[in-house]
>>> print(open('coords-v6.csv').read())   # CSV, C-alpha atoms and all ligand atoms
chain,number,residue,atom,x,y,z
Q,1,MET,CA,10.9,-17.0,19.5
Q,2,PRO,CA,10.3,-13.5,20.8
Q,3,ARG,CA,9.5,-13.5,24.6
Q,4,PHE,CA,6.0,-11.9,24.2
Q,5,LEU,CA,5.0,-14.8,21.8
Q,6,SER,CA,6.1,-17.5,24.2
Q,7,ILE,CA,4.0,-15.8,27.0
Q,8,ILE,CA,1.0,-15.8,24.7
Q,9,ASN,CA,1.7,-19.4,23.8
Q,10,GLN,CA,1.4,-20.4,27.5
Q,11,LEU,CA,-2.2,-19.1,27.7
Q,12,PRO,CA,-5.1,-21.6,27.1
Q,13,LEU,CA,-6.1,-21.8,23.4
Q,14,SER,CA,-9.7,-20.8,24.2
Q,15,MET,CA,-8.6,-17.7,26.1
Q,16,ARG,CA,-6.2,-16.7,23.3
Q,17,SER,CA,-8.8,-17.0,20.5
Q,18,SER,CA,-11.7,-15.3,22.3
Q,19,ASP,CA,-9.3,-12.5,23.4
Q,20,SER,CA,-8.1,-12.0,19.8
Q,21,ALA,CA,-11.6,-12.1,18.4
Q,22,ALA,CA,-12.8,-9.5,20.9
Q,23,ASN,CA,-9.8,-7.3,20.3
Q,24,PHE,CA,-10.2,-7.6,16.5
Q,25,PHE,CA,-13.9,-6.7,16.7
Q,26,ALA,CA,-13.5,-3.8,19.1
Q,27,GLY,CA,-10.4,-2.4,17.3
Q,28,GLY,CA,-12.1,-2.7,13.9
Q,29,LEU,CA,-15.1,-0.8,15.2
Q,30,ILE,CA,-13.0,2.0,16.7
Q,31,ALA,CA,-10.9,2.2,13.5
Q,32,ARG,CA,-14.0,2.4,11.3
Q,33,THR,CA,-15.6,5.1,13.5
Q,34,VAL,CA,-12.6,7.4,13.1
Q,35,GLY,CA,-11.9,6.8,9.4
Q,36,ARG,CA,-13.7,6.3,6.0
Q,37,TYR,CA,-12.4,3.1,4.4
Q,38,GLU,CA,-14.6,2.9,1.3
Q,39,HIS,CA,-12.6,5.8,-0.2
Q,40,ALA,CA,-8.9,6.2,-0.1
Q,41,ALA,CA,-7.6,9.4,1.4
Q,42,LEU,CA,-4.3,10.5,-0.2
Q,43,PRO,CA,-2.0,13.0,1.5
Q,44,MET,CA,-1.3,16.3,-0.3
Q,45,VAL,CA,2.2,15.7,-1.4
Q,46,ASP,CA,4.4,16.8,-4.2
Q,47,LEU,CA,4.3,13.7,-6.5
Q,48,LEU,CA,4.9,15.0,-10.1
Q,49,SER,CA,7.1,17.8,-11.2
Q,50,GLY,CA,5.3,18.5,-14.5
Q,51,ASP,CA,1.6,18.7,-15.5
Q,52,THR,CA,1.5,15.4,-17.3
Q,53,GLY,CA,3.0,11.9,-16.8
Q,54,VAL,CA,2.3,8.2,-16.3
Q,55,VAL,CA,1.7,7.1,-12.7
Q,56,LEU,CA,1.7,3.5,-11.4
Q,57,ASP,CA,-0.6,2.4,-8.7
Q,58,ALA,CA,1.2,-0.7,-7.5
Q,59,GLY,CA,-1.0,-3.3,-5.8
Q,60,CYS,CA,-4.3,-1.5,-6.7
Q,61,GLY,CA,-6.7,-4.0,-5.1
Q,62,ALA,CA,-10.2,-2.8,-5.9
Q,63,ASP,CA,-8.9,0.5,-7.3
Q,64,ARG,CA,-9.6,2.7,-4.3
Q,65,THR,CA,-6.3,4.5,-4.6
Q,66,THR,CA,-6.4,4.5,-8.4
Q,67,ILE,CA,-9.7,6.4,-8.3
Q,68,ALA,CA,-8.4,8.9,-5.7
Q,69,LEU,CA,-5.4,9.5,-7.9
Q,70,GLY,CA,-7.5,9.9,-11.0
Q,71,ARG,CA,-9.5,12.5,-9.3
Q,72,ALA,CA,-6.5,14.4,-7.8
Q,73,LEU,CA,-4.3,14.3,-10.9
Q,74,ARG,CA,-6.7,15.2,-13.7
Q,75,SER,CA,-4.4,15.0,-16.8
Q,76,GLU,CA,-2.2,12.0,-16.1
Q,77,ARG,CA,-2.5,8.4,-17.3
Q,78,ILE,CA,-2.5,5.8,-14.6
Q,79,VAL,CA,-1.5,2.2,-14.8
Q,80,ALA,CA,-3.2,0.1,-12.1
Q,81,LEU,CA,-1.3,-3.2,-11.3
Q,82,ASP,CA,-2.3,-6.1,-9.2
Q,83,ARG,CA,-2.1,-9.9,-9.2
Q,84,CYS,CA,-5.9,-9.8,-9.1
Q,85,ASP,CA,-6.2,-13.0,-7.0
Q,86,SER,CA,-7.2,-11.5,-3.6
Q,87,ASP,CA,-10.5,-13.1,-2.7
Q,88,TYR,CA,-10.7,-10.9,0.4
Q,89,ILE,CA,-11.5,-7.9,-1.9
Q,90,GLU,CA,-15.0,-8.9,-3.0
Q,91,GLY,CA,-13.7,-11.6,-5.3
Q,92,GLY,CA,-10.6,-9.7,-6.3
Q,93,GLY,CA,-10.4,-10.1,-10.1
Q,94,ARG,CA,-10.0,-7.8,-13.1
Q,95,ALA,CA,-13.8,-7.5,-13.6
Q,96,LEU,CA,-14.2,-5.8,-10.3
Q,97,LEU,CA,-11.4,-3.3,-11.3
Q,98,GLU,CA,-13.1,-2.6,-14.6
Q,99,GLN,CA,-16.5,-2.1,-13.0
Q,100,ASN,CA,-15.1,0.4,-10.4
Q,101,LEU,CA,-13.2,2.4,-13.0
Q,102,ARG,CA,-16.4,2.6,-15.1
Q,103,LEU,CA,-18.4,3.8,-12.2
Q,104,ALA,CA,-15.8,6.4,-11.4
Q,105,GLY,CA,-15.7,7.6,-15.0
Q,106,LEU,CA,-12.0,6.7,-15.3
Q,107,THR,CA,-12.0,3.9,-17.9
Q,108,GLY,CA,-10.3,6.0,-20.6
Q,109,ARG,CA,-7.4,7.1,-18.4
Q,110,VAL,CA,-6.5,3.9,-16.5
Q,111,ASP,CA,-4.8,0.8,-17.9
Q,112,ILE,CA,-5.1,-2.4,-15.8
Q,113,GLU,CA,-2.1,-4.7,-15.8
Q,114,LEU,CA,-1.8,-8.1,-14.1
Q,115,GLY,CA,1.6,-8.6,-12.5
Q,116,ASP,CA,3.7,-9.3,-9.5
Q,117,LEU,CA,5.0,-6.5,-7.3
Q,118,THR,CA,8.3,-8.3,-6.9
Q,119,ALA,CA,9.0,-8.6,-10.7
Q,120,LEU,CA,7.1,-5.7,-12.4
Q,121,PRO,CA,6.3,-6.3,-16.0
Q,122,PHE,CA,7.6,-2.9,-17.1
Q,123,PRO,CA,10.9,-1.6,-18.6
Q,124,GLU,CA,13.3,0.5,-16.5
Q,125,GLY,CA,12.3,4.2,-16.3
Q,126,ARG,CA,8.8,3.8,-17.7
Q,127,PHE,CA,6.9,5.9,-15.0
Q,128,ASP,CA,7.0,9.5,-13.9
Q,129,ALA,CA,5.7,8.6,-10.4
Q,130,ALA,CA,4.3,5.7,-8.4
Q,131,VAL,CA,1.9,5.2,-5.5
Q,132,SER,CA,1.4,2.0,-3.5
Q,133,ALA,CA,-1.1,1.8,-0.6
Q,134,HIS,CA,-1.2,-1.2,1.7
Q,135,ALA,CA,0.3,-3.5,-0.8
Q,136,ILE,CA,4.1,-3.7,-0.4
Q,137,ASP,CA,3.6,-4.5,3.3
Q,138,HIS,CA,1.9,-7.7,2.1
Q,139,LEU,CA,5.2,-8.9,0.6
Q,140,GLY,CA,6.7,-10.5,3.7
Q,141,LEU,CA,10.4,-11.0,3.3
Q,142,GLN,CA,10.3,-9.5,-0.2
Q,143,LYS,CA,9.3,-6.0,0.8
Q,144,GLU,CA,12.7,-4.6,-0.1
Q,145,GLN,CA,12.6,-6.4,-3.5
Q,146,GLY,CA,9.2,-4.7,-4.0
Q,147,LEU,CA,10.8,-1.3,-3.3
Q,148,ARG,CA,13.7,-2.1,-5.7
Q,149,GLU,CA,11.2,-2.9,-8.4
Q,150,ILE,CA,9.5,0.5,-8.0
Q,151,LEU,CA,12.9,2.2,-8.1
Q,152,ARG,CA,13.7,0.4,-11.3
Q,153,ILE,CA,10.5,1.4,-13.2
Q,154,LEU,CA,10.7,5.1,-12.2
Q,155,LYS,CA,12.5,7.7,-14.3
Q,156,PRO,CA,15.4,9.4,-12.5
Q,157,GLY,CA,14.0,12.0,-10.2
Q,158,GLY,CA,10.6,10.2,-10.2
Q,159,ARG,CA,8.7,10.1,-6.9
Q,160,PHE,CA,7.0,7.3,-5.1
Q,161,LEU,CA,4.3,7.7,-2.4
Q,162,LEU,CA,4.3,4.7,-0.2
Q,163,ILE,CA,1.4,4.2,2.3
Q,164,VAL,CA,1.6,1.5,5.0
Q,165,TRP,CA,0.1,0.5,8.3
Q,166,VAL,CA,2.7,0.8,11.0
Q,167,PRO,CA,2.6,-0.1,14.7
Q,168,GLY,CA,0.7,2.5,16.7
Q,169,TRP,CA,-2.4,2.9,18.8
Q,170,THR,CA,-4.9,2.1,15.9
Q,171,MET,CA,-3.0,-1.1,15.0
Q,172,PHE,CA,-2.6,-2.0,18.7
Q,173,ALA,CA,-6.4,-1.6,19.2
Q,174,ILE,CA,-7.0,-4.1,16.4
Q,175,VAL,CA,-4.3,-6.7,16.5
Q,176,SER,CA,-3.1,-6.3,20.1
Q,177,VAL,CA,0.5,-7.5,20.7
Q,178,LEU,CA,0.7,-8.9,17.1
Q,179,ALA,CA,1.4,-5.2,16.2
Q,180,LEU,CA,5.0,-5.9,17.3
Q,181,LEU,CA,5.4,-8.2,14.3
Q,182,PHE,CA,4.7,-5.4,11.7
Q,183,SER,CA,7.6,-3.3,10.3
Q,184,GLY,CA,7.8,0.2,11.9
Q,185,LYS,CA,8.7,3.5,10.3
Q,186,GLY,CA,12.4,3.0,11.0
Q,187,ALA,CA,12.5,-0.3,9.3
Q,188,TRP,CA,10.7,1.1,6.3
Q,189,ARG,CA,13.1,4.1,6.1
Q,190,ARG,CA,16.0,1.6,6.2
Q,191,MET,CA,14.5,-0.6,3.5
Q,192,ALA,CA,13.8,2.4,1.3
Q,193,THR,CA,17.3,3.8,1.5
Q,194,SER,CA,18.9,0.3,1.1
Q,195,ALA,CA,16.8,-0.1,-2.1
Q,196,GLY,CA,18.3,3.1,-3.4
Q,197,PHE,CA,15.7,5.8,-2.7
Q,198,GLU,CA,16.1,9.2,-1.2
Q,199,LEU,CA,13.6,10.2,1.5
Q,200,CYS,CA,11.7,13.5,0.7
Q,201,ASP,CA,8.7,13.8,3.0
Q,202,GLU,CA,6.7,11.7,5.5
Q,203,GLY,CA,3.7,11.9,7.8
Q,204,MET,CA,0.5,10.2,9.2
Q,205,LEU,CA,-2.9,10.2,7.6
Q,206,ASN,CA,-5.9,8.3,9.1
Q,207,GLY,CA,-3.6,6.2,11.3
Q,208,ASN,CA,-1.4,5.2,8.3
Q,209,TRP,CA,2.1,6.3,7.7
Q,210,PHE,CA,3.1,7.7,4.3
Q,211,VAL,CA,6.5,8.5,2.9
Q,212,VAL,CA,7.5,10.2,-0.3
Q,213,LEU,CA,10.6,8.6,-1.8
Q,214,LYS,CA,12.7,9.8,-4.8
Q,215,LYS,CA,14.8,7.9,-7.4
Q,216,PRO,CA,18.1,9.8,-7.3
Q,217,VAL,CA,19.2,11.6,-10.5
Q,218,THR,CA,22.7,10.3,-11.1
M,301,LIG,C1,-4.9,-4.6,1.1
M,301,LIG,S1,-5.0,-4.6,-0.7
M,301,LIG,C2,-4.7,-2.9,-1.0
M,301,LIG,C3,-5.4,-2.4,-2.2
M,301,LIG,C4,-5.4,-0.9,-2.6
M,301,LIG,N1,-4.0,-0.4,-2.8
M,301,LIG,C5,-6.1,-0.1,-1.5
M,301,LIG,O1,-5.5,0.6,-0.8
M,301,LIG,O2,-7.3,-0.3,-1.4
M,301,LIG,C6,-3.4,-5.3,-1.1
M,301,LIG,C7,-3.3,-5.7,-2.6
M,301,LIG,O3,-2.0,-6.1,-2.9
M,301,LIG,C8,-2.0,-7.1,-3.8
M,301,LIG,N2,-0.8,-7.9,-3.8
M,301,LIG,C9,-0.3,-8.5,-2.7
M,301,LIG,N3,0.9,-9.1,-3.1
M,301,LIG,C10,1.1,-8.8,-4.4
M,301,LIG,C11,2.1,-9.2,-5.4
M,301,LIG,N4,3.1,-9.9,-5.0
M,301,LIG,N5,1.9,-8.7,-6.6
M,301,LIG,C12,0.8,-8.0,-7.0
M,301,LIG,N6,-0.1,-7.6,-6.1
M,301,LIG,C13,0.0,-8.0,-4.9
M,301,LIG,C14,-3.2,-7.9,-3.4
M,301,LIG,O4,-3.7,-8.7,-4.5
M,301,LIG,C15,-4.2,-6.8,-3.0
M,301,LIG,O5,-5.1,-6.5,-4.0
>>> encode(input="coords-v6.csv", output="C-alpha cells")
Amino acid sequence: MPRFLSIINQLPLSMRSSDSAANFFAGGLIARTVGRYEHAALPMVDLLSGDTGVVLDAGCGADRTTIALGRALRSERIVALDRCDSDYIEGGGRALLEQNLRLAGLTGRVDIELGDLTALPFPEGRFDAAVSAHAIDHLGLQKEQGLREILRILKPGGRFLLIVWVPGWTMFAIVSVLALLFSGKGAWRRMATSAGFELCDEGMLNGNWFVVLKKPVT
C-alpha cells in the first residue's frame, strides 16, 4: 500500500470522512467558479485534414462534447458512442442523448451507438477522426485497451483528441491526496505510444489536459 494511504488509514474514520466531504465541497465550488461545466469547451486543434469525414465521440455521456463538435465541425457526420448506463448523468440512457441532440438541432448529423469503449462495435479504419473527453480515464486497468480500440477504428493518419483530468491544483482542491491515484500526463503519453499512436500536440484547457494523437501512416 502506498505510504500516504497508510497514513490516511491511521486517522479516525470520522475525521477522514468529514475532511473529504469538506474538501470535495470546497474544491467543487472553486472548480465551478472558474469553469463552465454545462457546455464542453474544446481546444482549437487540427483534427481533420479534409473538409468532410466521420468523427467518433467515444464515451459521449449526455452529448456535451458531441454538441460542441457538431457546432465546431459543420459538415461532418458524428457517431456518439456510450454504454448509456451511467445513472450519474441524469439517468444516463439513450433517451437523454436523443433529447439533447434534438435541442441542439443536431439530430440529422449524429448517430447514437451503444457500445463498450474496450471493444468498439466498428470495423478497422471506419473513422477519419475521434474525440474522447473524460471517458477513457474511467476504464481503470483497461485504459490502454481503450486507446488501442480507438487506434484500430481510425483510418491511417486519423487524429484523436483525448481529454482527461490529470493531477494538478484543481484536482488536488477537489479530491485532496487521492489525486495521487490518477494517471498523470507522463503515464498517458506512455500508454498512447505503447498503444501505437504518435503524439502531435498537447495542452491544458479549463484545468483538463488534452493531447492530439495520430494513427501512423505505415
Ligand atoms: C464523465 S462521462 C463523460 C461524458 C462526456 N464525454 C462529457 O465530457 O460530458 C463518462 C462517460 O463514459 C462512459 N463510459 C465509461 N466506461 C465506458 C465503457 N467501458 N464503454 C462505453 N462507455 C463508457 C460512461 O457511461 C459515461 O457516459
>>> residues_around(input="coords-v6.csv", residues="Q:Gly92", least_positions_apart="4", cutoff="10 Å", atoms="only C-alpha atoms", output="compact mmCIF listing (two decimals) with C-alpha atoms, in the frame of the given file")
# COMPACT_ATOMS: atom_id res chain seq x y z
CA GLY Q 61 -6.70 -4.00 -5.10
CA ALA Q 62 -10.20 -2.80 -5.90
CA ASP Q 82 -2.30 -6.10 -9.20
CA ARG Q 83 -2.10 -9.90 -9.20
CA CYS Q 84 -5.90 -9.80 -9.10
CA ASP Q 85 -6.20 -13.00 -7.00
CA SER Q 86 -7.20 -11.50 -3.60
CA ASP Q 87 -10.50 -13.10 -2.70
CA TYR Q 88 -10.70 -10.90 0.40
CA LEU Q 96 -14.20 -5.80 -10.30
CA LEU Q 97 -11.40 -3.30 -11.30
>>> closest_residue(input="coords-v6.csv", among="Q:Ile163, Q:Leu205, Q:Leu103, Q:Leu181", to="ligand LIG 301 (chain M)", atoms="only C-alpha atoms and all ligand atoms")
Q:Ile163
>>> closest_residue(input="coords-v6.csv", among="Q:Ala119, Q:Val110, Q:Ala133, Q:Val175", to="ligand LIG 301 (chain M)", atoms="all atoms listed in the file")
Q:Ala133
>>> closest_residue(input="coords-v6.csv", among="Q:Ala179, Q:Leu120, Q:Ile78, Q:Ile67", to="Q:Gly146", atoms="all atoms listed in the file")
Q:Leu120
>>> closest_atom_pairs(input="coords-v6.csv", of="chain Q", to="ligand LIG 301 (chain M)", cutoff="8 Å", atoms="all atoms listed in the file", output="tab-separated table")
residue	atom	partner	partner_atom	distance
Q:Ala40	CA	M:LIG301	O1	6.6
Q:Asp57	CA	M:LIG301	N1	7.4
Q:Ala58	CA	M:LIG301	N1	7.0
Q:Gly59	CA	M:LIG301	O3	4.2
Q:Cys60	CA	M:LIG301	N1	4.1
Q:Gly61	CA	M:LIG301	O5	3.2
Q:Ala62	CA	M:LIG301	O2	5.9
Q:Asp63	CA	M:LIG301	C4	6.0
Q:Arg64	CA	M:LIG301	O2	4.8
Q:Thr65	CA	M:LIG301	O1	5.5
Q:Thr66	CA	M:LIG301	N1	7.8
Q:Leu81	CA	M:LIG301	C12	6.8
Q:Asp82	CA	M:LIG301	N6	4.1
Q:Arg83	CA	M:LIG301	C12	4.1
Q:Cys84	CA	M:LIG301	O4	5.2
Q:Asp85	CA	M:LIG301	O4	5.6
Q:Ser86	CA	M:LIG301	O4	4.6
Q:Ile89	CA	M:LIG301	O5	6.9
Q:Gly92	CA	M:LIG301	O5	6.8
Q:Leu114	CA	M:LIG301	C12	7.6
Q:Gly115	CA	M:LIG301	C12	5.6
Q:Asp116	CA	M:LIG301	N5	3.5
Q:Leu117	CA	M:LIG301	N5	3.9
Q:Thr118	CA	M:LIG301	N4	5.8
Q:Ser132	CA	M:LIG301	N1	6.0
Q:Ala133	CA	M:LIG301	N1	4.3
Q:His134	CA	M:LIG301	C2	4.7
Q:Ala135	CA	M:LIG301	O3	4.1
Q:Ile136	CA	M:LIG301	N3	6.8
Q:His138	CA	M:LIG301	C9	5.3
Q:Leu139	CA	M:LIG301	N3	5.7
